[in-house]
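A.B. asks: I'd like to ask some things about the structure below.
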Amino acid sequence: AAVEPPPAEPAVVPAPSPAPPALCHAWGDLSASEADRLAQRLRRIGITAARSRSETPEAWWVRIPPQRNRSEAERRVVELNLLGVSDTFIVQESGPNQNAVSLGLFKTENRARILLGQLRAKGVDNAGIEPRMSTSYRIQANVPANELRIVESAAPGLRARRQACTR
């Protein structure tokens, strides 16, 4: 009669060590290219990121709206000179502001309003204030602590702009 070998002990397989917990991190005040590089780096390691953008006024522009053509803008500058306004610049770059007459660019809206009031007192009635916007981006993602250094090597200075997520 054949003797059956005793049943084999099941092989002991060590349990995989648990992955470090992923915490929510956010990086703010990023340029478009920095946000692109960070999101790409996160995708490479299998992490989906949320991206948002915000626009804030960077300066306030006192101007007369774009004229139909360069000669109309030049005519407008002559009229301004006759009213005692000599600090003017005609926008030449093609785009939505081509042939606008620039009267000043200010860091504060209050300062722009002061100039606008001075211009109105001189009889300039079609000038206005337009905010010049600055766009920045924010990336938010759940990232394991052991991956942060790799992720933040996507662009210089990212570590300094990291913060906990806001819910």
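All residue names refer to the structure tokens as shown: chains lettered A, B, ... in order, residues numbered from 1 in each chain, ligands numbered from 1 in order.
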If we count only C-alpha atoms and set the cut-off at 10 Å, which residues sit around Glu109 (chain A), ignoring sequence neighbours fewer than 2 positions away in its own chain? Please answer as a ChimeraX atom specification.
C.D. replies: /A:57-62,105-107,111-114,129-131
A.B. asks: Export C-alpha atoms of the chosen residues as a tab-separated table (two decimals), in the first residue's frame?
C.D. replies:
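Saved to result-v6.tsv:
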```tsv
chain	number	residue	atom	x	y	z
A	57	PRO	CA	-6.33	92.36	-11.17
A	58	GLU	CA	-2.62	93.03	-11.54
A	59	ALA	CA	-2.95	96.67	-12.57
A	60	TRP	CA	-5.56	99.19	-13.67
A	61	TRP	CA	-5.31	100.79	-17.09
A	62	VAL	CA	-6.74	104.23	-17.79
A	105	LEU	CA	-1.19	102.10	-15.90
A	106	PHE	CA	-1.46	101.90	-12.10
A	107	LYS	CA	-0.87	99.30	-9.39
A	111	ARG	CA	-4.73	105.84	-8.21
A	112	ALA	CA	-6.37	105.05	-11.57
A	113	ARG	CA	-9.63	106.63	-10.34
A	114	ILE	CA	-7.74	109.78	-9.29
A	129	ILE	CA	-10.54	102.09	-16.39
A	130	GLU	CA	-9.88	98.51	-17.41
A	131	PRO	CA	-8.34	95.97	-15.03
```
A.B. asks: Could you list, as an MDAnalysis selection string, every residue within 8 Å of Ser54 (chain A), counting only C-alpha atoms and ignoring same-chain residues fewer than 5 positions away?
C.D. replies: chainID A and resid 135:137
A.B. asks: Go through A:Ser33, A:Ala121, A:Cys24, A:Ile47 one by one, measure the shortest atom-to-atom distance of each to Gln163 (chain A) using only C-alpha atoms, and give the residue with the smallest value.
C.D. replies: A:Cys24
A.B. asks: Pick out the closest residue to Arg51 (chain A) from this set: A:Ile90, A:Ala141, A:Val77, A:Leu116. Count only C-alpha atoms.
C.D. replies: A:Ala141
A.B. asks: Please return, as number ranges by chain, all residues of region 35-76 of chain A that DSSP assigns to helix (DSSP H, G or I) on the basis of the backbone.
C.D. replies: A: 35-44, 70-76
A.B. asks: Export all heavy atoms of the chosen residues as a compact mmCIF listing (two decimals), in the first residue's frame?
C.D. replies:
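Printed below is out_30.txt as written:
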```txt
# COMPACT_ATOMS: atom_id res chain seq x y z
N ALA A 35 1.88 74.54 -13.87
CA ALA A 35 0.72 73.68 -13.60
C ALA A 35 0.70 72.50 -14.56
O ALA A 35 0.42 71.37 -14.15
CB ALA A 35 -0.57 74.50 -13.72
N ASP A 36 1.04 72.72 -15.82
CA ASP A 36 1.09 71.64 -16.80
C ASP A 36 2.13 70.59 -16.41
O ASP A 36 1.86 69.39 -16.44
CB ASP A 36 1.43 72.16 -18.21
CG ASP A 36 0.30 72.98 -18.82
OD1 ASP A 36 -0.85 72.90 -18.33
OD2 ASP A 36 0.58 73.71 -19.79
N ARG A 37 3.34 71.06 -16.04
CA ARG A 37 4.40 70.12 -15.67
C ARG A 37 4.04 69.33 -14.42
O ARG A 37 4.29 68.12 -14.35
CB ARG A 37 5.73 70.86 -15.46
CG ARG A 37 6.36 71.33 -16.76
CD ARG A 37 7.81 71.75 -16.60
NE ARG A 37 8.05 72.74 -15.58
CZ ARG A 37 8.06 74.06 -15.78
NH1 ARG A 37 7.82 74.54 -16.99
NH2 ARG A 37 8.31 74.89 -14.79
N LEU A 38 3.44 69.98 -13.44
CA LEU A 38 3.06 69.29 -12.20
C LEU A 38 1.98 68.26 -12.48
O LEU A 38 2.07 67.10 -12.03
CB LEU A 38 2.60 70.31 -11.16
CG LEU A 38 2.14 69.75 -9.82
CD1 LEU A 38 3.20 68.88 -9.17
CD2 LEU A 38 1.74 70.89 -8.88
N ALA A 39 0.96 68.63 -13.24
CA ALA A 39 -0.13 67.68 -13.56
C ALA A 39 0.42 66.49 -14.34
O ALA A 39 0.03 65.34 -14.10
CB ALA A 39 -1.23 68.40 -14.34
N GLN A 40 1.35 66.76 -15.26
CA GLN A 40 1.95 65.67 -16.06
C GLN A 40 2.74 64.72 -15.15
O GLN A 40 2.65 63.51 -15.28
CB GLN A 40 2.84 66.28 -17.13
CG GLN A 40 3.45 65.26 -18.07
CD GLN A 40 4.30 65.97 -19.12
OE1 GLN A 40 5.11 66.83 -18.79
NE2 GLN A 40 4.11 65.58 -20.37
N ARG A 41 3.51 65.28 -14.24
CA ARG A 41 4.30 64.46 -13.31
C ARG A 41 3.37 63.60 -12.45
O ARG A 41 3.63 62.42 -12.22
CB ARG A 41 5.16 65.38 -12.44
CG ARG A 41 6.06 64.69 -11.45
CD ARG A 41 7.24 63.93 -12.06
NE ARG A 41 8.01 64.65 -13.03
CZ ARG A 41 9.15 65.28 -12.80
NH1 ARG A 41 9.67 65.27 -11.60
NH2 ARG A 41 9.79 65.89 -13.76
N LEU A 42 2.27 64.16 -11.99
CA LEU A 42 1.30 63.41 -11.19
C LEU A 42 0.68 62.28 -12.02
O LEU A 42 0.56 61.15 -11.54
CB LEU A 42 0.22 64.34 -10.63
CG LEU A 42 0.69 65.28 -9.52
CD1 LEU A 42 -0.30 66.42 -9.33
CD2 LEU A 42 0.91 64.53 -8.23
N ARG A 43 0.31 62.57 -13.27
CA ARG A 43 -0.27 61.53 -14.14
C ARG A 43 0.70 60.37 -14.34
O ARG A 43 0.29 59.22 -14.37
CB ARG A 43 -0.64 62.12 -15.51
CG ARG A 43 -2.02 62.72 -15.56
CD ARG A 43 -2.48 62.99 -16.99
NE ARG A 43 -1.54 63.77 -17.78
CZ ARG A 43 -1.47 65.11 -17.77
NH1 ARG A 43 -2.29 65.81 -17.01
NH2 ARG A 43 -0.60 65.73 -18.52
N ARG A 44 1.99 60.69 -14.48
CA ARG A 44 3.00 59.65 -14.71
C ARG A 44 3.04 58.64 -13.58
O ARG A 44 3.40 57.49 -13.79
CB ARG A 44 4.40 60.27 -14.85
CG ARG A 44 4.77 60.48 -16.27
CD ARG A 44 6.26 60.78 -16.39
NE ARG A 44 6.40 61.90 -17.27
CZ ARG A 44 7.13 62.98 -17.04
NH1 ARG A 44 7.86 63.07 -15.96
NH2 ARG A 44 7.16 63.96 -17.90
N ARG A 70 -5.57 103.88 -37.02
CA ARG A 70 -4.45 104.66 -36.45
C ARG A 70 -4.68 106.16 -36.58
O ARG A 70 -4.41 106.92 -35.65
CB ARG A 70 -3.15 104.23 -37.15
CG ARG A 70 -1.93 105.03 -36.79
CD ARG A 70 -1.39 104.64 -35.45
NE ARG A 70 -0.29 105.53 -35.08
CZ ARG A 70 0.54 105.28 -34.13
NH1 ARG A 70 0.44 104.18 -33.43
NH2 ARG A 70 1.49 106.13 -33.84
N SER A 71 -5.18 106.62 -37.73
CA SER A 71 -5.35 108.07 -37.92
C SER A 71 -6.41 108.62 -36.96
O SER A 71 -6.27 109.73 -36.46
CB SER A 71 -5.65 108.42 -39.37
OG SER A 71 -6.86 107.85 -39.79
N GLU A 72 -7.47 107.84 -36.66
CA GLU A 72 -8.46 108.30 -35.68
C GLU A 72 -7.83 108.37 -34.29
O GLU A 72 -8.13 109.29 -33.52
CB GLU A 72 -9.68 107.37 -35.66
CG GLU A 72 -10.66 107.67 -36.75
CD GLU A 72 -11.97 106.91 -36.59
OE1 GLU A 72 -12.34 106.57 -35.45
OE2 GLU A 72 -12.61 106.67 -37.63
N ALA A 73 -6.98 107.41 -33.96
CA ALA A 73 -6.30 107.43 -32.66
C ALA A 73 -5.38 108.65 -32.57
O ALA A 73 -5.35 109.33 -31.53
CB ALA A 73 -5.51 106.14 -32.45
N GLU A 74 -4.68 108.96 -33.66
CA GLU A 74 -3.80 110.14 -33.67
C GLU A 74 -4.61 111.42 -33.52
O GLU A 74 -4.21 112.35 -32.81
CB GLU A 74 -2.96 110.16 -34.95
CG GLU A 74 -1.89 109.08 -34.97
CD GLU A 74 -1.21 108.92 -36.32
OE1 GLU A 74 -1.67 109.51 -37.33
OE2 GLU A 74 -0.21 108.17 -36.36
N ARG A 75 -5.76 111.48 -34.17
CA ARG A 75 -6.65 112.64 -34.05
C ARG A 75 -7.10 112.80 -32.59
O ARG A 75 -7.15 113.89 -32.05
CB ARG A 75 -7.84 112.47 -35.00
CG ARG A 75 -8.49 113.75 -35.40
CD ARG A 75 -9.54 113.65 -36.52
NE ARG A 75 -10.05 112.34 -36.90
CZ ARG A 75 -9.66 111.67 -38.01
NH1 ARG A 75 -8.76 112.17 -38.81
NH2 ARG A 75 -10.18 110.51 -38.28
N ARG A 76 -7.40 111.68 -31.96
CA ARG A 76 -7.84 111.70 -30.55
C ARG A 76 -6.71 112.24 -29.66
O ARG A 76 -6.95 113.01 -28.73
CB ARG A 76 -8.27 110.29 -30.12
CG ARG A 76 -8.94 110.24 -28.80
CD ARG A 76 -10.34 110.90 -28.87
NE ARG A 76 -10.85 111.03 -27.53
CZ ARG A 76 -11.13 112.18 -26.93
NH1 ARG A 76 -11.00 113.32 -27.56
NH2 ARG A 76 -11.57 112.20 -25.70
```
A.B. asks: Region 83-120 of chain A: which residues are strand (DSSP E or B) by DSSP, as JSON, numbers by chain?
C.D. replies: {"A": [89, 90, 101, 102, 103, 104, 105, 106]}
A.B. asks: Residues of the last selection are to be written out with N, CA and C atoms, as a PDB file, in the first residue's frame.
C.D. replies:
```
ATOM      1  N   PHE A  89      -0.247 107.319 -25.168  1.00  0.00           N
ATOM      2  CA  PHE A  89       0.445 106.313 -25.968  1.00  0.00           C
ATOM      3  C   PHE A  89      -0.605 105.568 -26.774  1.00  0.00           C
ATOM      4  N   ILE A  90      -0.398 105.445 -28.071  1.00  0.00           N
ATOM      5  CA  ILE A  90      -1.328 104.695 -28.921  1.00  0.00           C
ATOM      6  C   ILE A  90      -0.858 103.244 -28.979  1.00  0.00           C
ATOM      7  N   VAL A 101      -6.010 104.511 -26.835  1.00  0.00           N
ATOM      8  CA  VAL A 101      -5.084 105.546 -26.375  1.00  0.00           C
ATOM      9  C   VAL A 101      -4.865 105.328 -24.886  1.00  0.00           C
ATOM     10  N   SER A 102      -3.650 104.923 -24.544  1.00  0.00           N
ATOM     11  CA  SER A 102      -3.305 104.664 -23.154  1.00  0.00           C
ATOM     12  C   SER A 102      -2.985 105.969 -22.450  1.00  0.00           C
ATOM     13  N   LEU A 103      -3.538 106.139 -21.245  1.00  0.00           N
ATOM     14  CA  LEU A 103      -3.325 107.355 -20.461  1.00  0.00           C
ATOM     15  C   LEU A 103      -2.595 107.064 -19.154  1.00  0.00           C
ATOM     16  N   GLY A 104      -2.412 105.803 -18.822  1.00  0.00           N
ATOM     17  CA  GLY A 104      -1.673 105.450 -17.610  1.00  0.00           C
ATOM     18  C   GLY A 104      -1.999 104.046 -17.126  1.00  0.00           C
ATOM     19  N   LEU A 105      -1.031 103.438 -16.472  1.00  0.00           N
ATOM     20  CA  LEU A 105      -1.188 102.103 -15.903  1.00  0.00           C
ATOM     21  C   LEU A 105      -0.792 102.200 -14.436  1.00  0.00           C
ATOM     22  N   PHE A 106      -1.667 101.707 -13.541  1.00  0.00           N
ATOM     23  CA  PHE A 106      -1.465 101.896 -12.104  1.00  0.00           C
ATOM     24  C   PHE A 106      -1.585 100.585 -11.336  1.00  0.00           C
TER      25      PHE A 106
END
```
A.B. asks: Have a look at CA of His25 (chain A) and CA of Gln140 (chain A) and let me know their distance in Å, one decimal.
C.D. replies: 5.7 Å
A.B. asks: Between A:Ile64, A:Ile139, A:Ala127, A:Ala49, single out the one closest to Arg161 (chain A), counting only C-alpha atoms.
C.D. replies: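 Among the listed residues, the smallest separation from Arg161 (chain A) belongs to A:Ile139.
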A.B. asks: Which one is closest to Leu115 (chain A): A:Arg63, A:Ser134, A:Glu79, A:Asn146? Count only C-alpha atoms.
C.D. replies: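 Closest residue, counting only C-alpha atoms: A:Arg63.
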A.B. asks: Considering only C-alpha atoms, state which residue in the set A:Asn142, A:Glu152, A:Leu80, A:Ala100 is at the smallest distance from Arg120 (chain A).
C.D. replies: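 Closest to Arg120 (chain A), using only C-alpha atoms: A:Leu80.
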A.B. asks: Rounded to one decimal, what separation in Å do you get between CA of Asn110 (chain A) and CA of Ser94 (chain A)?
C.D. replies: 29.0 Å
A.B. asks: So what do you get for CA of Gly28 (chain A) versus CA of Leu158 (chain A), distance-wise?
C.D. replies: 8.7 Å
A.B. asks: A:Pro156, A:Thr88, A:Met133, A:Cys165: which is nearest Ala26 (chain A), counting only C-alpha atoms?
C.D. replies: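 The answer is A:Cys165, which sits nearest to Ala26 (chain A).
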